[in-house]
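Read the structure below first, then the notes.
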Amino acid sequence: MKTVAFTTVDVFTCARFEGNPLAVMTDARGLTDTDMQNIAAEFGYSEVTFVLPPEDPANSARVRIFTPTMEVPFAGHPNVGTAYVLGQQGHVFGRPVGDSLRFEEKAGLVEVDLKRNGNEVLSAAIRAPKPLAIGDTVLEQTVARCIAIEPQDIRVAKHSPVVASVGLSFVVAELADLAALGRARPNLAYFQDAAAPTVEGNHDFSLFVYVRSKENPWSIRARMFAPLDNVPEDPATGSASAALGAYLVSLEPDATMRVSLTIEQGVEMGRRSSIGIDVVKKDAIVTDVTISGSCAPVMRGEIAY
């Protein structure tokens, strides 16, 4: 019987048992695609990562990301967590880890910067691998049915519910207030009815709903539901946060600006997360989106396969 080592961390938090859990297979050589999918399903986390040697030796590693049901081209918390784990161990496939990493992923090359205190990794910041892409708008009634709220709970003054992506697609919708956000409950049947082709070509429907603070509109509280991927609710979704941040900045009238957002997620699940998003817009085009956060180590072990 063969074994593969894993490390788990809670991502977008400094406290264990908060944030979004992630399992990292730090050396996935020898695993088949079926092995990876089975391991991801066994963990039941929103994502699990598998680290492989890079195809281009100029890069740090090839990273594959699996939900419990499928492989995805990019996701935020798996990259932050994987970078944290690799930075803590110091070496990747015999090569020392510095303060910068480059991951080969299906969505493209993902660049990561580590912030350290001596040998300890404090946080990681990743750059979204794709430019902002906007897909179809979605009816308020469709969103409302999916999460058991009323259509009038959805705000459309700034934008209608719409598909947005910087590497992975989400329907983003603004809600009226925190009370409406708290009432949201996913209904699998309606998510199945709403599923449609994404920007990446999958047939899916992942929903990111949010409320902006009246005092600071760049302080946001959000929830993400993806029951079609066996993730009824996710406590922290970096890729959705990045897509939302990029989209909101794209709507601003200023042609050139730099905005820092803080997105709080997972509160209703008892797993509070804090996600940092930095967006740069130049000449009316979003040119750079960065996702940052801290991690807390939780477990180490081996899986037999």
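Starting from 1 in every chain, residues are counted up; chains themselves are A, B, ... following the order of the structure tokens, and ligands are numbered from 1 as listed.
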Item to complete: Excluding Gly19 of chain A and any residue of its chain fewer than 5 positions from it, enumerate the residues within 7 Å of it, using only C-alpha atoms, and give them as a VMD selection string.
Response: chain A and resid 10 to 13 235 to 236 271 to 273
Restrict the selected residues to N, CA, C and O atoms and save them as a CSV table (one decimal), in the first residue's frame.
chain,number,residue,atom,x,y,z
A,10,ASP,N,-5.9,26.2,8.1
A,10,ASP,CA,-7.0,27.0,8.0
A,10,ASP,C,-6.6,28.4,7.4
A,10,ASP,O,-5.6,29.0,7.9
A,11,VAL,N,-7.2,28.7,6.3
A,11,VAL,CA,-6.8,29.8,5.5
A,11,VAL,C,-7.7,31.1,5.7
A,11,VAL,O,-8.9,31.0,5.9
A,12,PHE,N,-7.1,32.2,5.5
A,12,PHE,CA,-7.7,33.5,5.7
A,12,PHE,C,-8.1,33.7,7.2
A,12,PHE,O,-9.1,34.3,7.5
A,13,THR,N,-7.2,33.3,8.1
A,13,THR,CA,-7.4,33.5,9.5
A,13,THR,C,-6.1,33.2,10.2
A,13,THR,O,-5.2,32.6,9.6
A,235,PRO,N,-16.6,28.9,3.7
A,235,PRO,CA,-16.3,30.0,4.7
A,235,PRO,C,-15.3,31.1,4.2
A,235,PRO,O,-15.2,32.1,4.8
A,236,ALA,N,-14.6,30.8,3.1
A,236,ALA,CA,-13.7,31.9,2.5
A,236,ALA,C,-13.4,31.5,1.1
A,236,ALA,O,-13.0,30.4,0.8
A,271,ARG,N,-17.1,30.3,11.2
A,271,ARG,CA,-15.7,30.2,10.7
A,271,ARG,C,-15.3,31.5,10.1
A,271,ARG,O,-15.0,31.6,8.8
A,272,ARG,N,-15.2,32.5,10.9
A,272,ARG,CA,-14.9,33.9,10.3
A,272,ARG,C,-13.6,33.9,9.6
A,272,ARG,O,-12.6,33.3,10.0
A,273,SER,N,-13.6,34.5,8.4
A,273,SER,CA,-12.5,34.7,7.5
A,273,SER,C,-12.3,36.1,7.2
A,273,SER,O,-13.3,36.9,7.1
Fill in: Those in segment 102-277 of chain A with helix (DSSP H, G or I) from DSSP, as an MDAnalysis selection string
chainID A and resid 140:146 151:153 178:183 188:194 227:229 238:251 267:269
Worksheet entry | 8 Å contact set for segment 256-264 of chain A, only C-alpha atoms, chain neighbours under 5 positions out, as a PyMOL selection string | chain A and resi 218-222+241+245+249+272-284
Test item: residues at most 8 Å from segment 197-203 of chain A, only C-alpha atoms, excluding those fewer than 2 positions along its chain, as a PDB file with all heavy atoms, in the first residue's frame:
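Writing done, so here's around01.pdb:
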ATOM      1  N   ALA A 133     -13.186  39.020 -16.430  1.00  0.00           N
ATOM      2  CA  ALA A 133     -14.109  38.661 -17.506  1.00  0.00           C
ATOM      3  C   ALA A 133     -15.524  38.713 -16.956  1.00  0.00           C
ATOM      4  O   ALA A 133     -15.787  38.199 -15.873  1.00  0.00           O
ATOM      5  CB  ALA A 133     -13.795  37.262 -18.042  1.00  0.00           C
ATOM      6  N   ILE A 134     -16.407  39.331 -17.707  1.00  0.00           N
ATOM      7  CA  ILE A 134     -17.800  39.476 -17.288  1.00  0.00           C
ATOM      8  C   ILE A 134     -18.674  38.645 -18.212  1.00  0.00           C
ATOM      9  O   ILE A 134     -18.579  38.746 -19.445  1.00  0.00           O
ATOM     10  CB  ILE A 134     -18.258  40.951 -17.345  1.00  0.00           C
ATOM     11  CG1 ILE A 134     -17.322  41.822 -16.490  1.00  0.00           C
ATOM     12  CG2 ILE A 134     -19.693  41.082 -16.862  1.00  0.00           C
ATOM     13  CD1 ILE A 134     -17.264  41.422 -15.043  1.00  0.00           C
ATOM     14  N   GLY A 135     -19.523  37.813 -17.612  1.00  0.00           N
ATOM     15  CA  GLY A 135     -20.430  36.976 -18.384  1.00  0.00           C
ATOM     16  C   GLY A 135     -21.840  37.537 -18.399  1.00  0.00           C
ATOM     17  O   GLY A 135     -22.054  38.757 -18.342  1.00  0.00           O
ATOM     18  N   VAL A 163     -22.296  37.266 -13.859  1.00  0.00           N
ATOM     19  CA  VAL A 163     -21.169  36.333 -13.782  1.00  0.00           C
ATOM     20  C   VAL A 163     -19.875  37.131 -13.909  1.00  0.00           C
ATOM     21  O   VAL A 163     -19.712  37.938 -14.842  1.00  0.00           O
ATOM     22  CB  VAL A 163     -21.249  35.276 -14.892  1.00  0.00           C
ATOM     23  CG1 VAL A 163     -20.005  34.376 -14.859  1.00  0.00           C
ATOM     24  CG2 VAL A 163     -22.512  34.436 -14.752  1.00  0.00           C
ATOM     25  N   SER A 165     -15.388  36.759 -13.321  1.00  0.00           N
ATOM     26  CA  SER A 165     -14.296  35.796 -13.143  1.00  0.00           C
ATOM     27  C   SER A 165     -12.949  36.483 -13.314  1.00  0.00           C
ATOM     28  O   SER A 165     -12.784  37.365 -14.154  1.00  0.00           O
ATOM     29  CB  SER A 165     -14.419  34.667 -14.178  1.00  0.00           C
ATOM     30  OG  SER A 165     -13.272  33.819 -14.145  1.00  0.00           O
ATOM     31  N   GLY A 167     -10.464  33.976 -13.182  1.00  0.00           N
ATOM     32  CA  GLY A 167      -9.879  32.636 -13.239  1.00  0.00           C
ATOM     33  C   GLY A 167     -10.878  31.555 -12.910  1.00  0.00           C
ATOM     34  O   GLY A 167     -10.694  30.391 -13.281  1.00  0.00           O
ATOM     35  N   LEU A 168     -11.956  31.917 -12.195  1.00  0.00           N
ATOM     36  CA  LEU A 168     -13.029  30.991 -11.851  1.00  0.00           C
ATOM     37  C   LEU A 168     -14.314  31.802 -11.729  1.00  0.00           C
ATOM     38  O   LEU A 168     -14.325  32.857 -11.108  1.00  0.00           O
ATOM     39  CB  LEU A 168     -12.724  30.270 -10.538  1.00  0.00           C
ATOM     40  CG  LEU A 168     -13.628  29.090 -10.169  1.00  0.00           C
ATOM     41  CD1 LEU A 168     -13.500  27.962 -11.177  1.00  0.00           C
ATOM     42  CD2 LEU A 168     -13.280  28.573  -8.773  1.00  0.00           C
ATOM     43  N   SER A 169     -15.402  31.305 -12.338  1.00  0.00           N
ATOM     44  CA  SER A 169     -16.636  32.080 -12.452  1.00  0.00           C
ATOM     45  C   SER A 169     -17.529  31.986 -11.218  1.00  0.00           C
ATOM     46  O   SER A 169     -17.692  30.907 -10.642  1.00  0.00           O
ATOM     47  CB  SER A 169     -17.446  31.608 -13.665  1.00  0.00           C
ATOM     48  OG  SER A 169     -16.834  32.015 -14.863  1.00  0.00           O
ATOM     49  N   ALA A 195     -28.044  26.400 -13.395  1.00  0.00           N
ATOM     50  CA  ALA A 195     -26.719  26.102 -13.950  1.00  0.00           C
ATOM     51  C   ALA A 195     -26.664  26.446 -15.434  1.00  0.00           C
ATOM     52  O   ALA A 195     -27.597  26.193 -16.195  1.00  0.00           O
ATOM     53  CB  ALA A 195     -26.377  24.640 -13.728  1.00  0.00           C
ATOM     54  N   PHE A 205     -23.047  26.778 -11.357  1.00  0.00           N
ATOM     55  CA  PHE A 205     -23.688  27.970 -10.808  1.00  0.00           C
ATOM     56  C   PHE A 205     -23.218  28.111  -9.369  1.00  0.00           C
ATOM     57  O   PHE A 205     -23.742  27.458  -8.467  1.00  0.00           O
ATOM     58  CB  PHE A 205     -25.214  27.859 -10.877  1.00  0.00           C
ATOM     59  CG  PHE A 205     -25.934  29.158 -10.599  1.00  0.00           C
ATOM     60  CD1 PHE A 205     -26.182  30.058 -11.622  1.00  0.00           C
ATOM     61  CD2 PHE A 205     -26.349  29.478  -9.313  1.00  0.00           C
ATOM     62  CE1 PHE A 205     -26.857  31.254 -11.376  1.00  0.00           C
ATOM     63  CE2 PHE A 205     -27.019  30.671  -9.058  1.00  0.00           C
ATOM     64  CZ  PHE A 205     -27.270  31.558 -10.094  1.00  0.00           C
TER      65      PHE A 205
END
Worksheet item: Smallest atom-to-atom distance to Phe74 of chain A: which of A:Ala144, A:Ala304, A:Ala28, A:Ala243, using only C-alpha atoms?
Response: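 Selected residue with least distance to Phe74 of chain A: A:Ala243.
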Worksheet entry | Residue nearest Phe93 of chain A among A:Ile126, A:Ala107, A:Leu52, A:Val286 (counting only C-alpha atoms) |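 Ranked by minimum distance to Phe93 of chain A, first place goes to A:Leu52.
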Near Val172 of chain A, counting only C-alpha atoms, which residues have an atom at most 12 Å away, once you skip same-chain residues fewer than 5 positions from it, shown as an mmCIF file with N, CA and C atoms, in the first residue's frame?
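Output saved as part_35.cif:
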data_model
loop_
_atom_site.group_PDB
_atom_site.id
_atom_site.type_symbol
_atom_site.label_atom_id
_atom_site.label_comp_id
_atom_site.auth_asym_id
_atom_site.auth_seq_id
_atom_site.Cartn_x
_atom_site.Cartn_y
_atom_site.Cartn_z
ATOM 1 N N ILE A 134 -16.407 39.331 -17.707
ATOM 2 C CA ILE A 134 -17.800 39.476 -17.288
ATOM 3 C C ILE A 134 -18.674 38.645 -18.212
ATOM 4 N N GLY A 135 -19.523 37.813 -17.612
ATOM 5 C CA GLY A 135 -20.430 36.976 -18.384
ATOM 6 C C GLY A 135 -21.840 37.537 -18.399
ATOM 7 N N ASP A 136 -22.805 36.656 -18.432
ATOM 8 C CA ASP A 136 -24.210 37.060 -18.544
ATOM 9 C C ASP A 136 -24.746 37.607 -17.226
ATOM 10 N N THR A 137 -25.753 38.467 -17.328
ATOM 11 C CA THR A 137 -26.498 38.856 -16.142
ATOM 12 C C THR A 137 -27.483 37.742 -15.787
ATOM 13 N N VAL A 138 -27.918 37.746 -14.533
ATOM 14 C CA VAL A 138 -28.816 36.720 -14.014
ATOM 15 C C VAL A 138 -30.019 37.421 -13.384
ATOM 16 N N LEU A 139 -31.196 36.894 -13.585
ATOM 17 C CA LEU A 139 -32.397 37.495 -13.032
ATOM 18 C C LEU A 139 -32.366 37.496 -11.501
ATOM 19 N N GLU A 140 -32.880 38.580 -10.900
ATOM 20 C CA GLU A 140 -32.965 38.623 -9.446
ATOM 21 C C GLU A 140 -33.815 37.473 -8.911
ATOM 22 N N VAL A 143 -31.669 34.297 -8.542
ATOM 23 C CA VAL A 143 -30.810 34.346 -7.362
ATOM 24 C C VAL A 143 -31.643 34.162 -6.100
ATOM 25 N N ILE A 154 -32.527 41.897 -3.124
ATOM 26 C CA ILE A 154 -31.360 42.052 -3.992
ATOM 27 C C ILE A 154 -31.288 43.487 -4.491
ATOM 28 N N ARG A 155 -30.136 44.125 -4.296
ATOM 29 C CA ARG A 155 -29.943 45.500 -4.744
ATOM 30 C C ARG A 155 -29.407 45.509 -6.170
ATOM 31 N N VAL A 156 -30.005 46.353 -7.009
ATOM 32 C CA VAL A 156 -29.557 46.436 -8.408
ATOM 33 C C VAL A 156 -29.172 47.860 -8.800
ATOM 34 N N LYS A 158 -26.411 49.432 -8.214
ATOM 35 C CA LYS A 158 -25.035 49.456 -8.720
ATOM 36 C C LYS A 158 -24.850 48.489 -9.881
ATOM 37 N N HIS A 159 -25.424 47.290 -9.751
ATOM 38 C CA HIS A 159 -25.326 46.303 -10.832
ATOM 39 C C HIS A 159 -26.355 45.211 -10.607
ATOM 40 N N SER A 160 -26.780 44.584 -11.673
ATOM 41 C CA SER A 160 -27.620 43.394 -11.590
ATOM 42 C C SER A 160 -26.744 42.193 -11.246
ATOM 43 N N PRO A 161 -27.319 41.109 -10.733
ATOM 44 C CA PRO A 161 -26.531 39.886 -10.568
ATOM 45 C C PRO A 161 -25.863 39.513 -11.891
ATOM 46 N N VAL A 162 -24.583 39.173 -11.829
ATOM 47 C CA VAL A 162 -23.825 38.967 -13.059
ATOM 48 C C VAL A 162 -22.708 37.964 -12.814
ATOM 49 N N VAL A 163 -22.296 37.266 -13.859
ATOM 50 C CA VAL A 163 -21.169 36.333 -13.782
ATOM 51 C C VAL A 163 -19.875 37.131 -13.909
ATOM 52 N N ALA A 164 -18.948 36.913 -12.978
ATOM 53 C CA ALA A 164 -17.645 37.575 -13.017
ATOM 54 C C ALA A 164 -16.565 36.551 -12.718
ATOM 55 N N SER A 165 -15.388 36.759 -13.321
ATOM 56 C CA SER A 165 -14.296 35.796 -13.143
ATOM 57 C C SER A 165 -12.949 36.483 -13.314
ATOM 58 N N PHE A 205 -23.047 26.778 -11.357
ATOM 59 C CA PHE A 205 -23.688 27.970 -10.808
ATOM 60 C C PHE A 205 -23.218 28.111 -9.369
ATOM 61 N N SER A 206 -22.202 28.937 -9.159
ATOM 62 C CA SER A 206 -21.706 29.255 -7.825
ATOM 63 C C SER A 206 -22.080 30.699 -7.533
ATOM 64 N N LEU A 207 -22.621 30.947 -6.348
ATOM 65 C CA LEU A 207 -23.238 32.236 -6.048
ATOM 66 C C LEU A 207 -22.534 32.933 -4.890
ATOM 67 N N PHE A 208 -22.091 34.165 -5.127
ATOM 68 C CA PHE A 208 -21.391 34.974 -4.137
ATOM 69 C C PHE A 208 -22.251 36.206 -3.855
ATOM 70 N N VAL A 209 -22.865 36.252 -2.685
ATOM 71 C CA VAL A 209 -23.735 37.372 -2.324
ATOM 72 C C VAL A 209 -23.054 38.197 -1.236
ATOM 73 N N TYR A 210 -23.301 39.502 -1.268
ATOM 74 C CA TYR A 210 -22.529 40.373 -0.383
ATOM 75 C C TYR A 210 -23.324 41.597 0.023
ATOM 76 N N VAL A 211 -22.836 42.245 1.097
ATOM 77 C CA VAL A 211 -23.383 43.505 1.599
ATOM 78 C C VAL A 211 -22.213 44.451 1.837
ATOM 79 N N ALA A 222 -19.718 38.818 3.069
ATOM 80 C CA ALA A 222 -20.177 37.986 1.962
ATOM 81 C C ALA A 222 -20.417 36.543 2.394
ATOM 82 N N ARG A 223 -21.162 35.828 1.534
ATOM 83 C CA ARG A 223 -21.348 34.383 1.669
ATOM 84 C C ARG A 223 -21.269 33.775 0.269
ATOM 85 N N MET A 224 -20.753 32.529 0.189
ATOM 86 C CA MET A 224 -20.641 31.858 -1.097
ATOM 87 C C MET A 224 -21.269 30.475 -1.018
ATOM 88 N N PHE A 225 -22.133 30.185 -1.985
ATOM 89 C CA PHE A 225 -22.846 28.908 -2.042
ATOM 90 C C PHE A 225 -22.524 28.202 -3.359
ATOM 91 N N SER A 239 -11.089 33.442 -4.779
ATOM 92 C CA SER A 239 -11.324 33.688 -6.202
ATOM 93 C C SER A 239 -12.596 34.490 -6.418
ATOM 94 N N ALA A 240 -13.635 34.216 -5.628
ATOM 95 C CA ALA A 240 -14.875 35.000 -5.730
ATOM 96 C C ALA A 240 -14.653 36.420 -5.228
ATOM 97 N N SER A 241 -13.912 36.556 -4.131
ATOM 98 C CA SER A 241 -13.621 37.888 -3.594
ATOM 99 C C SER A 241 -12.836 38.719 -4.596
ATOM 100 N N ALA A 242 -11.882 38.089 -5.271
ATOM 101 C CA ALA A 242 -11.082 38.799 -6.272
ATOM 102 C C ALA A 242 -11.943 39.222 -7.454
ATOM 103 N N ALA A 243 -12.828 38.326 -7.897
ATOM 104 C CA ALA A 243 -13.714 38.659 -9.017
ATOM 105 C C ALA A 243 -14.638 39.813 -8.641
ATOM 106 N N LEU A 244 -15.199 39.754 -7.432
ATOM 107 C CA LEU A 244 -16.081 40.828 -6.987
ATOM 108 C C LEU A 244 -15.321 42.149 -6.876
ATOM 109 N N GLY A 245 -14.156 42.119 -6.238
ATOM 110 C CA GLY A 245 -13.378 43.346 -6.084
ATOM 111 C C GLY A 245 -13.031 43.969 -7.423
ATOM 112 N N ALA A 246 -12.583 43.136 -8.361
ATOM 113 C CA ALA A 246 -12.233 43.642 -9.686
ATOM 114 C C ALA A 246 -13.448 44.238 -10.384
ATOM 115 N N TYR A 247 -14.595 43.562 -10.244
ATOM 116 C CA TYR A 247 -15.804 44.039 -10.917
ATOM 117 C C TYR A 247 -16.280 45.364 -10.319
ATOM 118 N N LEU A 248 -16.282 45.477 -8.994
ATOM 119 C CA LEU A 248 -16.735 46.720 -8.365
ATOM 120 C C LEU A 248 -15.826 47.891 -8.734
#
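Note that atom CA of Gly266 of chain A and atom CA of Ser250 of chain A are 25.7 Å apart.
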At a cut-off of 9 Å, can you tabulate as a tab-separated table every residue of segment 7-120 of chain A near segment 292-300 of chain A together with its closest atom pair and the distance in Å to one decimal, using only C-alpha atoms and ordering rows by chain then number?
residue	atom	partner	partner_atom	distance
A:Thr7	CA	A:Arg300	CA	4.4
A:Thr8	CA	A:Met299	CA	5.1
A:Val9	CA	A:Pro297	CA	4.4
A:Asp10	CA	A:Ala296	CA	5.1
A:Val11	CA	A:Cys295	CA	4.5
A:Phe12	CA	A:Gly293	CA	4.8
A:Thr13	CA	A:Ser294	CA	5.4
A:Cys14	CA	A:Ala296	CA	5.3
A:Ala15	CA	A:Ala296	CA	5.8
A:Arg16	CA	A:Ala296	CA	5.5
A:Phe17	CA	A:Val298	CA	8.1
A:Glu18	CA	A:Ala296	CA	8.7
A:Gly19	CA	A:Cys295	CA	8.2
A:Pro21	CA	A:Val298	CA	8.8
A:Ala23	CA	A:Met299	CA	8.8
A:Gly76	CA	A:Ser292	CA	8.7
A:His77	CA	A:Gly293	CA	8.5
A:Val80	CA	A:Gly293	CA	6.9
A:Gly81	CA	A:Cys295	CA	6.6
A:Tyr84	CA	A:Cys295	CA	7.0
A:Val85	CA	A:Pro297	CA	8.3
